[in-house]
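Contents: one structure, followed by commentary.
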Amino acid sequence: MCRIRAFEGQSERAYRSGLAGGYLHVYNGMEATAIGWLSSIQPGDPVITAYRDHGHALYLGCDALECMAEIMGRATGLSKGKGGSMHLYSKEHNFYGGWGIVGGHTALGVGLAFGTKYRGGNEVTHCFLGDGAANAGVLYEVMNMASLWDLPVIFIIENNEFAMGTRLEYHAADPELHKRAEGFNMEHERIDGMDVLQVRKHAKRIIEKVRKTHRPYFLEIMNYRFAGHGAADNDQSLYRTPEEVERAKQRDPILLLGKHLTENGIASEAELEAIQREAEEEMEAVYEAAAAQPKPEPDAVYADVYTDMEPERGH
């Protein structure tokens, strides 16, 4: 979680320095959701998410330098500098993005689960989405397919209480989003996403169930976004007060875990401070190294667009 928080600080630095092309969304305050969940999956399980994807990529093993290089549009980035912040991707780590179209990637997530069933595998697909994406029509089409066809997919709503600048109760007729699964004969629940140990506890239970039953599951994980919606979201006073953010920070997932570790004699304050310093130094070095990477050659725009199959003459 410290590595993700430090990485996000440097990614914002890249954006404000003009080194990050496109747009950028950070994961500050939400680290326990990805870490608690992804620490419970099995090797080979596909993971797919939306545009707030840096934390997932880092935990799954993607190289931090390659992630930052992608954010800066460098040829050595995960997607060869063509995708940017919202399109981190690594087939090697079973991480299938990083997608910018709100809710659109949920169809790809169900496709991954269908692939598992088609091949007779035992993988579980973990499809993360935001609370705003819970209003996308495509989600309900693929929820129906997933339930109808008994597909092993877990829809994980990372509910950070705001769809861009719109508070949950202003965009959802029923703010308990997990209830929407009832119409699709799908099990569902809501859990606390600020405590990494609690997320991990629930994740193990739910993932084991889906792996056994091959039935989809609809989960809503409640957390709070400390930063703005995106890097350009500077005037958050339009939809929340500084006092509200400070109250939420009392349950900072890094602080909560730190308190647990010290109170139970697992780590000292000095050890935790050393971990934080190490993460910050690592990511500062990553920033400098990424900024020195080469940009793609202009003709690289044509590479990897289609397959490498030779087209038939006349087509």
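How things are named: the first chain in the structure tokens is A, the next is B, and so on; residues count from 1 in each chain; ligands count from 1 in the order shown.
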With only C-alpha atoms counted and 12 Å as the cut-off, give the residues of stretch 189-212 of chain A in contact with stretch 256-277 of chain A, each with its shortest interatomic distance in Å and the pair that gives it, as CSV.
residue,atom,partner,partner_atom,distance
A:Gly193,CA,A:Leu256,CA,11.6
A:Met194,CA,A:Leu256,CA,8.1
A:Asp195,CA,A:Leu256,CA,6.7
A:Val196,CA,A:Leu257,CA,7.2
A:Leu197,CA,A:Leu257,CA,7.9
A:Gln198,CA,A:Leu257,CA,10.6
A:Val199,CA,A:Leu257,CA,12.0
Note to self: Could you list, as a PyMOL selection string, every residue within 9 Å of A:Phe155, counting only C-alpha atoms and ignoring same-chain residues fewer than 6 positions away?
What the structure shows: chain A and resi 106+109+125-129+143+216-220
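Between atom CA of A:Gly44 and atom CA of A:Arg180 the interatomic distance comes to 28.7 Å.
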Return as a PDB file with N, CA and C atoms, in the first residue's frame the full set of residues in stretch 49-140 of chain A whose backbone-based DSSP assignment is strand (DSSP E or B).
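Once everything was written out, this is result-v3.pdb:
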ATOM      1  N   SER A  90      -0.902  -6.106 -18.893  1.00  0.00           N
ATOM      2  CA  SER A  90       0.186  -7.089 -18.882  1.00  0.00           C
ATOM      3  C   SER A  90      -0.395  -8.484 -18.916  1.00  0.00           C
ATOM      4  N   PHE A  95      -3.179  -9.447 -16.176  1.00  0.00           N
ATOM      5  CA  PHE A  95      -3.827  -8.150 -15.948  1.00  0.00           C
ATOM      6  C   PHE A  95      -4.254  -7.605 -17.297  1.00  0.00           C
ATOM      7  N   THR A 125     -12.501 -14.872 -12.696  1.00  0.00           N
ATOM      8  CA  THR A 125     -12.212 -13.535 -13.208  1.00  0.00           C
ATOM      9  C   THR A 125     -12.647 -12.495 -12.191  1.00  0.00           C
ATOM     10  N   HIS A 126     -11.779 -11.503 -11.953  1.00  0.00           N
ATOM     11  CA  HIS A 126     -12.050 -10.434 -10.996  1.00  0.00           C
ATOM     12  C   HIS A 126     -12.208  -9.136 -11.785  1.00  0.00           C
ATOM     13  N   CYS A 127     -13.444  -8.659 -11.865  1.00  0.00           N
ATOM     14  CA  CYS A 127     -13.773  -7.504 -12.696  1.00  0.00           C
ATOM     15  C   CYS A 127     -14.105  -6.306 -11.803  1.00  0.00           C
ATOM     16  N   PHE A 128     -13.152  -5.381 -11.680  1.00  0.00           N
ATOM     17  CA  PHE A 128     -13.339  -4.181 -10.857  1.00  0.00           C
ATOM     18  C   PHE A 128     -14.023  -3.091 -11.679  1.00  0.00           C
ATOM     19  N   LEU A 129     -14.874  -2.322 -11.020  1.00  0.00           N
ATOM     20  CA  LEU A 129     -15.517  -1.174 -11.660  1.00  0.00           C
ATOM     21  C   LEU A 129     -15.864  -0.143 -10.596  1.00  0.00           C
ATOM     22  N   GLY A 130     -16.132   1.079 -11.012  1.00  0.00           N
ATOM     23  CA  GLY A 130     -16.481   2.134 -10.076  1.00  0.00           C
ATOM     24  C   GLY A 130     -17.973   2.239  -9.853  1.00  0.00           C
TER      25      GLY A 130
END
Leaving out stretch 227-233 of chain A and any residue of its chain fewer than 2 positions from it, which residues lie within 6 Å of it when counting only C-alpha atoms, given as a PDB file with N, CA and C atoms, in the first residue's frame?
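New file result.pdb:
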ATOM      1  N   LEU A  24      -5.295  11.136 -16.001  1.00  0.00           N
ATOM      2  CA  LEU A  24      -4.700  10.330 -14.951  1.00  0.00           C
ATOM      3  C   LEU A  24      -5.597  10.325 -13.717  1.00  0.00           C
ATOM      4  N   HIS A  25      -5.797   9.134 -13.145  1.00  0.00           N
ATOM      5  CA  HIS A  25      -6.613   8.969 -11.948  1.00  0.00           C
ATOM      6  C   HIS A  25      -5.810   8.203 -10.910  1.00  0.00           C
ATOM      7  N   MET A 164     -17.202  10.756 -10.455  1.00  0.00           N
ATOM      8  CA  MET A 164     -16.545  12.032 -10.761  1.00  0.00           C
ATOM      9  C   MET A 164     -16.855  12.996  -9.612  1.00  0.00           C
ATOM     10  N   ARG A 225     -12.229   8.054  -1.690  1.00  0.00           N
ATOM     11  CA  ARG A 225     -11.185   8.597  -2.557  1.00  0.00           C
ATOM     12  C   ARG A 225     -10.622   9.870  -1.940  1.00  0.00           C
ATOM     13  N   ASP A 235     -10.812  21.699  -7.863  1.00  0.00           N
ATOM     14  CA  ASP A 235     -11.812  22.379  -7.038  1.00  0.00           C
ATOM     15  C   ASP A 235     -12.846  21.380  -6.531  1.00  0.00           C
TER      16      ASP A 235
END
Next item on the list: May I have the residues within 10 Å of A:Gly73 as a PyMOL selection string, using only C-alpha atoms and disregarding those fewer than 6 positions away in the same chain?
Entry: chain A and resi 19-22+67+79-85+290-291+293-296
Output C-alpha atoms for every residue in that selection, as a PDB file, in the first residue's frame.
ATOM      1  CA  LEU A  19       5.167  14.524 -18.740  1.00  0.00           C
ATOM      2  CA  ALA A  20       1.968  12.458 -18.543  1.00  0.00           C
ATOM      3  CA  GLY A  21      -0.102  12.495 -21.693  1.00  0.00           C
ATOM      4  CA  GLY A  22      -3.869  12.045 -21.684  1.00  0.00           C
ATOM      5  CA  CYS A  67       4.093   1.522 -15.439  1.00  0.00           C
ATOM      6  CA  SER A  79       1.678  -0.684 -23.636  1.00  0.00           C
ATOM      7  CA  LYS A  80       4.699   0.707 -25.516  1.00  0.00           C
ATOM      8  CA  GLY A  81       3.715   4.255 -24.644  1.00  0.00           C
ATOM      9  CA  LYS A  82       0.467   4.174 -26.614  1.00  0.00           C
ATOM     10  CA  GLY A  83      -2.062   3.782 -23.812  1.00  0.00           C
ATOM     11  CA  GLY A  84      -1.011   6.003 -20.968  1.00  0.00           C
ATOM     12  CA  SER A  85      -2.357   5.961 -17.435  1.00  0.00           C
ATOM     13  CA  ALA A 290      11.011   6.862 -16.671  1.00  0.00           C
ATOM     14  CA  ALA A 291      11.534  10.483 -17.698  1.00  0.00           C
ATOM     15  CA  GLN A 293      13.241   6.660 -21.402  1.00  0.00           C
ATOM     16  CA  PRO A 294      12.844   7.171 -25.177  1.00  0.00           C
ATOM     17  CA  LYS A 295       9.557   8.078 -26.780  1.00  0.00           C
ATOM     18  CA  PRO A 296       8.087   5.814 -29.486  1.00  0.00           C
TER      19      PRO A 296
END
Note to self: Counting only C-alpha atoms, which residue out of A:Val305, A:Val210, A:Met72, A:Leu38 sits closest to A:Leu58?
What the structure shows: A:Leu38
Next item on the list: Please give the complete set of residues from stretch 67-260 of chain A that DSSP, run on the backbone, assigns to helix (DSSP H, G or I), formatted as a ChimeraX atom specification.
Entry: /A:67-71,85-87,91-93,105-119,133-135,137-148,168-171,177-184,196-213,236-238,242-249,253-260
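The two atoms in question, atom CA of A:Ile221 and atom CA of A:Val26, are spaced 17.3 Å apart.
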Notebook entry, point to check: Contacts of A:Arg200 at 12 Å or less, counting only C-alpha atoms, minus same-chain residues fewer than 5 places along, as a ChimeraX atom specification?
Noted result: /A:32-41,191-195,205-207,221
Keeping only N, CA and C atoms, write those residues as a compact mmCIF listing (two decimals), in the first residue's frame.
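Written output follows (result.txt):
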# COMPACT_ATOMS: atom_id res chain seq x y z
N ALA A 32 -6.44 -0.42 0.17
CA ALA A 32 -6.81 -1.65 0.86
C ALA A 32 -7.75 -2.52 0.03
N THR A 33 -8.52 -1.89 -0.84
CA THR A 33 -9.45 -2.65 -1.67
C THR A 33 -8.70 -3.57 -2.63
N ALA A 34 -7.77 -3.00 -3.39
CA ALA A 34 -7.03 -3.82 -4.36
C ALA A 34 -6.10 -4.80 -3.65
N ILE A 35 -5.39 -4.35 -2.62
CA ILE A 35 -4.41 -5.22 -1.97
C ILE A 35 -5.09 -6.34 -1.21
N GLY A 36 -6.13 -6.01 -0.46
CA GLY A 36 -6.83 -7.05 0.29
C GLY A 36 -7.43 -8.09 -0.63
N TRP A 37 -7.94 -7.65 -1.77
CA TRP A 37 -8.59 -8.58 -2.69
C TRP A 37 -7.56 -9.37 -3.49
N LEU A 38 -6.64 -8.69 -4.12
CA LEU A 38 -5.70 -9.36 -5.03
C LEU A 38 -4.72 -10.26 -4.29
N SER A 39 -4.54 -10.04 -3.01
CA SER A 39 -3.67 -10.93 -2.23
C SER A 39 -4.34 -12.27 -1.98
N SER A 40 -5.60 -12.40 -2.40
CA SER A 40 -6.37 -13.62 -2.14
C SER A 40 -6.65 -14.42 -3.40
N ILE A 41 -6.25 -13.92 -4.56
CA ILE A 41 -6.53 -14.64 -5.79
C ILE A 41 -5.47 -15.72 -6.03
N ILE A 191 -19.18 -4.69 1.64
CA ILE A 191 -18.20 -4.82 2.71
C ILE A 191 -17.40 -3.52 2.85
N ASP A 192 -16.69 -3.39 3.97
CA ASP A 192 -15.83 -2.24 4.24
C ASP A 192 -14.52 -2.41 3.49
N GLY A 193 -14.11 -1.39 2.74
CA GLY A 193 -12.90 -1.49 1.95
C GLY A 193 -11.72 -0.71 2.48
N MET A 194 -11.83 -0.15 3.68
CA MET A 194 -10.73 0.64 4.23
C MET A 194 -9.80 -0.19 5.11
N ASP A 195 -10.22 -1.35 5.51
CA ASP A 195 -9.43 -2.24 6.36
C ASP A 195 -8.93 -3.41 5.51
N ARG A 205 -13.17 -15.88 1.28
CA ARG A 205 -14.45 -16.60 1.37
C ARG A 205 -15.20 -16.56 0.04
N ILE A 206 -15.31 -15.39 -0.54
CA ILE A 206 -16.10 -15.22 -1.75
C ILE A 206 -15.43 -15.89 -2.95
N ILE A 207 -14.13 -15.71 -3.08
CA ILE A 207 -13.41 -16.30 -4.21
C ILE A 207 -13.49 -17.82 -4.17
N ILE A 221 -17.59 -2.82 -2.54
CA ILE A 221 -16.59 -2.53 -1.51
C ILE A 221 -16.58 -1.02 -1.26
